[in-house]
Amino acid sequence: MKTREYCVTQVITNGICIIVTICAILPFILLVIASFTDDSWAALHGFTFFPGKWSLTAYQYIAAKWATIGRAYLMTLVVTAIGTLASLFISVLFAYGISKQNVAGMKIISFLLIFTMLFNGGLVSTYYCYVKIWGIKDTIWALVVPNLMMNAFNVILIRNYFVNSIPASLEEAARIDGAGEFKILGWIILPLSKPIIATIGLMTLLVYWNDWQNGLYYLTARNGADYFTIQIVLNNINEDIRAISAAVTTGTMTAGVSLPSTTIRMAIAVVGVLPILVLYPFFQRYFVKGITLGGVKE
Amino acid sequence: MMGKGNAPAVRTKKKFKRTWPFYLMVLPGLIYLLINNYMPMFGIIIAFKDMNYSKGIFGSDWCGLENFRFLFGTKDAWTITRNTIGYNVAFFVIGTFLAVFLAICMNEIRSRTASKLYQTLILLPYLISWVVVSYLVYAFLSGENGFLNKSLFPALGLKPINWYQDKTYWPYILVLVNTWKSVGYSMIIYFSSIVGISQDYYEAARIDGASKIKQIRYITLPLLKPTVITMFILSVGQVFRSDFGLFYQVTKNSGALYEYTRTIDVYVYQALMKNADYSMSGAASVYQSICGFILIVAANLIVRKYNRSSALF
């Protein structure tokens with residue numbers, strides 16, 4: 001039975017959600033339309049949702065510059081793949097180890113992990129250690145290593161999954177049959193842990209895909225340009241704008257810094273987010289799961 | 001089973017034979033924690049040194065609290081602290097209010113497809129990097145061809161605003177952008193918490209003739225309170241940290257906006273990378289770490305008292 005209250009509630013709640021949804025995606029729509037707007041038309045009328053003149057120039061520019069941008073894309077893929085796999089490898093092994101709380105020392109080791117969530121050395125000493133001691137400046141390690149086990153919370157989520165969602169009897173049975181611990185983890189535990197691995201894996205993948213900070217800290221344009229990812233390229237354009245506007249205000253115009261036009265910049269941004277926009281709907285449920293796992297602890 | 005005399009030693013040995021794989025498993029992670037976390041923790045002594053890069057940490061002279069005295073002698077120390085804490089408070093209050101409101105609306109929607117669609121799209125901004133967000137914001141605010149200055153304002157007969165030079169608007173812009181990016185995330189947390197509320201309560205309320213508004217007021221909101229409080233306490237622990245990307249990228253790190261946009265993280269970055277000033281950046285960085293540590297521990301003590309199971313440790 002559909003009462004009057006039911007109908008009113010549906011109209012109001014759907015209405016509110018539709019408005020918020022539109023607000024959420026409107027900037028993306030503007031970005032995409034801006035990238036297809038004719039440059040000289042945009043200079044006169046600005047970016048709008050209904051440009052008077054469309055153009056593919058920005059994308060032709062990207063196609064022409066594919067040597068740079070394609071390379072950055074490839075770098076993003078390489079760094080994301082290596083980083084995510086290495087991160088999962090370390091995290092899963094660590095999580096399985098500390099899930100054995102009755103093994104001597106594991107409580108202390110868990111605490112060592114948890115303590116990293118409470119206290120950190122901060123950017124200055126982290127930077128100093130990585131650059132001065134480990135020498136990762138201008139190497140590919142700069143993009144992989146700092147994010148490896150960044151989020152201790154993820155490790156704890158995997159550990160909790162091992163403890164709470166996998167029956168201990170399975171392990172015991174395998175152990176009695178003479179299986180080694182690595183075999184148990186690889187052949188019994190992991191196949192049963194696909195949901196949590198997929199969730200944490202996707203969250204990690206996103207961190208690597210979106211990372212621009214490590215490029216900003218550790219890669220210099222002179223020696224690190226080989227390792228620029230698409231996010232770093234986008235950030236570098238921002239840095240160039242900053243340098244130019246600073247030069248304009250101080251009156252010392254720097255020569256040799258040329259900027260791509262705004263439409264081209266928008267097109268590069270579109271290229272940078274496109275994979276996320278395209279793939280996200282297929283993986284949406286894992287993200288939602290990851291968030292609810294992280295937010296509401298059980 | 002064994003002779004009594006050498007039992008402990010044998011037992012330890014035997015135990016180790018069984019448990020060594022576990023130690024091997026945690027080894028890579030432990031090495032990583034040492035490199036990425038524990039070595040930098042000792043590196044905080046930089047803040048207490050008159051740092052000379054060529055001499056290294058250990059070669060540089062101690063200078064006690066001199067760096068801190070210098071940092072807190074500047075006006076910057078107050079500004080960055082105020083901004084960091086102030087924005088966190090605003091983000092939490094506005095974000096929570098909106099997220100709870102949305103989660104309640106979402107829960108009332110009967111069409112599963114529609115609700116899925118809304119959730120998917122509202123979460124979208126959460127997935128993109130701050131660099132890309134800075135491009136999105138720039139498409140709106142740019143002086144050259146931004147949507148607002150070149151398209152919307154002329155149509156409304158308003159004067160263009162030099163957004164990246166005029167600091168007065170930035171508290172609102174930053175709150176708006178941050179809420180836009182993160183509301184989907186917190187909405188999902190509150191939504192999953194509402195979904196977990198037993199339907200029996202609502203059934204009973206309906207039989208008693210309670211309206212939808214009354215059900216929300218007297219059932220949903222009170223039962224959501226623990227989640228809100230947990231989220232609150234967690235964010236208290238983070239109040240000295242700021243999202244570097246938001247304050248650095250979205251503002252285009254424009255110096256004219258610093259008074260309202262510079263947080264501790266931006267200050268540390270600026271002092272370290274642009275000025276290579278290890279003393280100031282080190283002092284600010286340690287100030288942030290220590291205040292953060294104290295707050296997290298304090299917040300956790302409160303959680304434990306309030307609700308043991310949601311305590312971090």
# chains A, B, ... in the order shown; residues from 1 in each chain; ligands from 1
call {"tool": "residues_around", "arguments": {"residues": "B:Thr96", "least_positions_apart": "6", "cutoff": "10 Å", "atoms": "only C-alpha atoms", "output": "PyMOL selection string"}}
result
chain B and resi 90+102+179+183+186-187+190+228+231-232
call {"tool": "interface_residues", "arguments": {"of": "chain B", "to": "chain A", "cutoff": "7 Å", "atoms": "only C-alpha atoms", "output": "PyMOL selection string"}}
result
chain B and resi 19+21-23+25-26+28-29+36-37+40-41+43-44+105-106+108-109+118+120-122+125+128-129+131-132+135-136+139+144-147+150-151+180+185+188-189+192+272+281-282+285-286+289+293+296+310
call {"tool": "write_last_selection", "arguments": {"atoms": "C-alpha atoms", "output": "mmCIF file, in the first residue's frame"}}
result
data_model
loop_
_atom_site.group_PDB
_atom_site.id
_atom_site.type_symbol
_atom_site.label_atom_id
_atom_site.label_comp_id
_atom_site.auth_asym_id
_atom_site.auth_seq_id
_atom_site.Cartn_x
_atom_site.Cartn_y
_atom_site.Cartn_z
ATOM 1 C CA THR B 19 57.155 -20.758 14.347
ATOM 2 C CA PRO B 21 57.964 -19.132 9.129
ATOM 3 C CA PHE B 22 55.908 -16.503 10.931
ATOM 4 C CA TYR B 23 58.986 -14.477 11.779
ATOM 5 C CA MET B 25 56.737 -13.491 7.064
ATOM 6 C CA VAL B 26 56.810 -10.353 9.176
ATOM 7 C CA PRO B 28 59.890 -7.570 5.111
ATOM 8 C CA GLY B 29 57.237 -5.471 6.859
ATOM 9 C CA ASN B 36 59.909 4.323 6.616
ATOM 10 C CA ASN B 37 58.793 5.006 10.176
ATOM 11 C CA PRO B 40 62.506 9.170 10.736
ATOM 12 C CA MET B 41 61.249 9.084 14.332
ATOM 13 C CA GLY B 43 65.351 11.975 12.829
ATOM 14 C CA ILE B 44 63.244 14.419 14.819
ATOM 15 C CA CYS B 105 17.753 10.474 2.814
ATOM 16 C CA MET B 106 19.536 7.594 1.115
ATOM 17 C CA GLU B 108 14.519 6.282 2.771
ATOM 18 C CA ILE B 109 14.913 5.710 -0.955
ATOM 19 C CA TYR B 118 23.499 8.208 -6.160
ATOM 20 C CA THR B 120 28.349 5.706 -6.769
ATOM 21 C CA LEU B 121 28.345 9.230 -8.161
ATOM 22 C CA ILE B 122 28.565 11.055 -4.828
ATOM 23 C CA PRO B 125 35.180 12.959 -6.103
ATOM 24 C CA ILE B 128 40.547 11.557 -7.642
ATOM 25 C CA SER B 129 43.794 13.215 -6.673
ATOM 26 C CA VAL B 131 46.038 17.732 -8.455
ATOM 27 C CA VAL B 132 43.082 16.885 -10.627
ATOM 28 C CA TYR B 135 42.258 21.597 -12.307
ATOM 29 C CA LEU B 136 38.529 21.248 -11.692
ATOM 30 C CA ALA B 139 38.067 25.578 -14.541
ATOM 31 C CA GLU B 144 41.569 33.799 -17.998
ATOM 32 C CA ASN B 145 38.586 31.654 -18.853
ATOM 33 C CA GLY B 146 37.057 30.349 -15.652
ATOM 34 C CA PHE B 147 33.358 29.540 -15.643
ATOM 35 C CA LYS B 150 34.034 34.772 -17.732
ATOM 36 C CA SER B 151 30.698 33.076 -18.108
ATOM 37 C CA TRP B 180 32.537 18.034 -2.061
ATOM 38 C CA TYR B 185 33.050 8.814 2.037
ATOM 39 C CA ILE B 188 28.767 5.705 3.212
ATOM 40 C CA ILE B 189 30.029 5.196 6.748
ATOM 41 C CA SER B 192 26.091 1.508 6.574
ATOM 42 C CA LEU B 272 61.962 22.568 3.710
ATOM 43 C CA SER B 281 60.635 23.138 9.031
ATOM 44 C CA GLY B 282 62.037 20.619 11.488
ATOM 45 C CA SER B 285 57.175 19.283 11.836
ATOM 46 C CA VAL B 286 58.089 18.057 15.324
ATOM 47 C CA SER B 289 53.992 15.268 15.429
ATOM 48 C CA PHE B 293 50.626 12.198 19.327
ATOM 49 C CA ILE B 296 45.618 10.779 19.571
ATOM 50 C CA SER B 310 35.962 1.261 19.056
#
call {"tool": "closest_residue", "arguments": {"among": "A:Ala225, A:Ala173, A:Pro167, A:Thr80", "to": "A:Thr204", "atoms": "only C-alpha atoms"}}
result
A:Thr80
call {"tool": "closest_residue", "arguments": {"among": "A:Ala168, A:Ile140, A:Val8, A:Ala267", "to": "A:Ala63", "atoms": "only C-alpha atoms"}}
result
A:Ala267
call {"tool": "select_by_dssp", "arguments": {"residues": "stretch 34-157 of chain A", "states": "helix (DSSP H, G or I)", "output": "VMD selection string"}}
result
chain A and resid 34 to 35 39 to 45 57 to 64 66 to 99 106 to 118 122 to 133 141 to 147 152 to 157
call {"tool": "write_last_selection", "arguments": {"atoms": "C-alpha atoms", "output": "short mmCIF file (atom, residue, chain, number, x, y, z; two decimals), in the first residue's frame"}}
result
data_model
loop_
_atom_site.label_atom_id
_atom_site.label_comp_id
_atom_site.auth_asym_id
_atom_site.auth_seq_id
_atom_site.Cartn_x
_atom_site.Cartn_y
_atom_site.Cartn_z
CA ALA A 34 36.34 22.61 -21.20
CA SER A 35 38.80 20.21 -22.78
CA ASP A 39 40.73 27.83 -27.25
CA SER A 40 40.05 31.28 -28.69
CA TRP A 41 36.33 30.97 -27.98
CA ALA A 42 37.13 30.11 -24.33
CA ALA A 43 39.43 33.12 -24.08
CA LEU A 44 36.51 35.37 -24.93
CA HIS A 45 33.57 33.66 -23.25
CA THR A 57 42.82 20.80 -30.76
CA ALA A 58 43.66 19.96 -27.16
CA TYR A 59 43.54 16.24 -27.85
CA GLN A 60 45.47 16.67 -31.08
CA TYR A 61 48.13 18.44 -29.02
CA ILE A 62 48.20 15.52 -26.60
CA ALA A 63 48.45 13.07 -29.49
CA ALA A 64 51.33 15.09 -30.91
CA TRP A 66 52.33 11.49 -26.88
CA ALA A 67 56.04 10.83 -26.47
CA THR A 68 55.88 12.75 -23.17
CA ILE A 69 52.36 12.05 -22.06
CA GLY A 70 52.25 8.44 -23.17
CA ARG A 71 55.49 7.87 -21.34
CA ALA A 72 54.03 9.41 -18.19
CA TYR A 73 51.04 7.14 -18.60
CA LEU A 74 53.22 4.09 -18.93
CA MET A 75 55.15 5.19 -15.85
CA THR A 76 51.91 5.54 -13.91
CA LEU A 77 50.93 2.01 -14.92
CA VAL A 78 54.33 0.57 -14.04
CA VAL A 79 54.55 2.33 -10.67
CA THR A 80 50.97 1.46 -9.80
CA ALA A 81 51.41 -2.20 -10.72
CA ILE A 82 54.72 -2.66 -8.92
CA GLY A 83 53.62 -0.62 -5.92
CA THR A 84 50.28 -2.32 -5.46
CA LEU A 85 51.68 -5.84 -5.81
CA ALA A 86 54.66 -5.17 -3.55
CA SER A 87 52.45 -3.45 -1.02
CA LEU A 88 49.97 -6.34 -0.95
CA PHE A 89 52.81 -8.85 -0.70
CA ILE A 90 54.38 -7.17 2.32
CA SER A 91 51.06 -6.36 3.97
CA VAL A 92 49.53 -9.84 3.61
CA LEU A 93 52.64 -11.60 4.93
CA PHE A 94 52.88 -9.16 7.83
CA ALA A 95 49.17 -9.42 8.59
CA TYR A 96 49.30 -13.20 8.62
CA GLY A 97 52.30 -13.18 10.91
CA ILE A 98 50.75 -10.85 13.46
CA SER A 99 47.46 -12.73 13.31
CA MET A 106 53.94 -11.05 17.73
CA LYS A 107 52.19 -8.80 20.25
CA ILE A 108 55.21 -6.53 20.31
CA ILE A 109 55.43 -6.57 16.53
CA SER A 110 51.74 -5.62 16.27
CA PHE A 111 52.39 -2.77 18.63
CA LEU A 112 55.29 -1.59 16.48
CA LEU A 113 52.84 -1.39 13.59
CA ILE A 114 50.11 0.38 15.56
CA PHE A 115 52.56 2.87 17.01
CA THR A 116 53.27 4.18 13.50
CA MET A 117 49.66 5.38 13.40
CA LEU A 118 50.21 7.43 16.54
CA GLY A 122 57.14 14.13 10.04
CA LEU A 123 58.09 15.22 6.56
CA VAL A 124 61.44 16.77 7.41
CA SER A 125 63.18 13.76 8.91
CA THR A 126 61.44 11.33 6.53
CA TYR A 127 62.71 13.38 3.63
CA TYR A 128 66.16 13.59 5.14
CA CYS A 129 66.38 9.83 5.71
CA TYR A 130 65.15 8.92 2.26
CA VAL A 131 67.38 11.39 0.47
CA LYS A 132 70.53 11.41 2.56
CA ILE A 133 70.63 7.82 3.79
CA TRP A 141 62.10 3.97 -5.74
CA ALA A 142 60.90 7.43 -4.77
CA LEU A 143 57.52 6.62 -6.25
CA VAL A 144 57.23 3.07 -4.93
CA VAL A 145 58.80 2.87 -1.48
CA PRO A 146 57.20 5.71 0.55
CA ASN A 147 53.68 4.36 -0.09
CA ALA A 152 48.98 0.56 8.94
CA PHE A 153 45.22 0.40 9.24
CA ASN A 154 44.97 -1.65 6.03
CA VAL A 155 47.31 -4.26 7.49
CA ILE A 156 45.13 -4.45 10.58
CA LEU A 157 42.02 -4.91 8.43
#
call {"tool": "atom_distance", "arguments": {"atom1": "atom CA of B:Gln270", "atom2": "atom CA of B:Ile94"}}
result
28.8 Å
call {"tool": "atom_distance", "arguments": {"atom1": "atom CA of B:Asn300", "atom2": "atom CA of B:Ile233"}}
result
7.5 Å
call {"tool": "atom_distance", "arguments": {"atom1": "atom CA of A:Ile189", "atom2": "atom CA of B:Leu33"}}
result
24.4 Å
call {"tool": "residues_around", "arguments": {"residues": "B:Ile161", "least_positions_apart": "6", "cutoff": "10 Å", "atoms": "only C-alpha atoms", "output": "list in words"}}
result
Leu141, Ser142, Gly143, Leu148, Asn149, Phe153 and Tyr169 of chain B
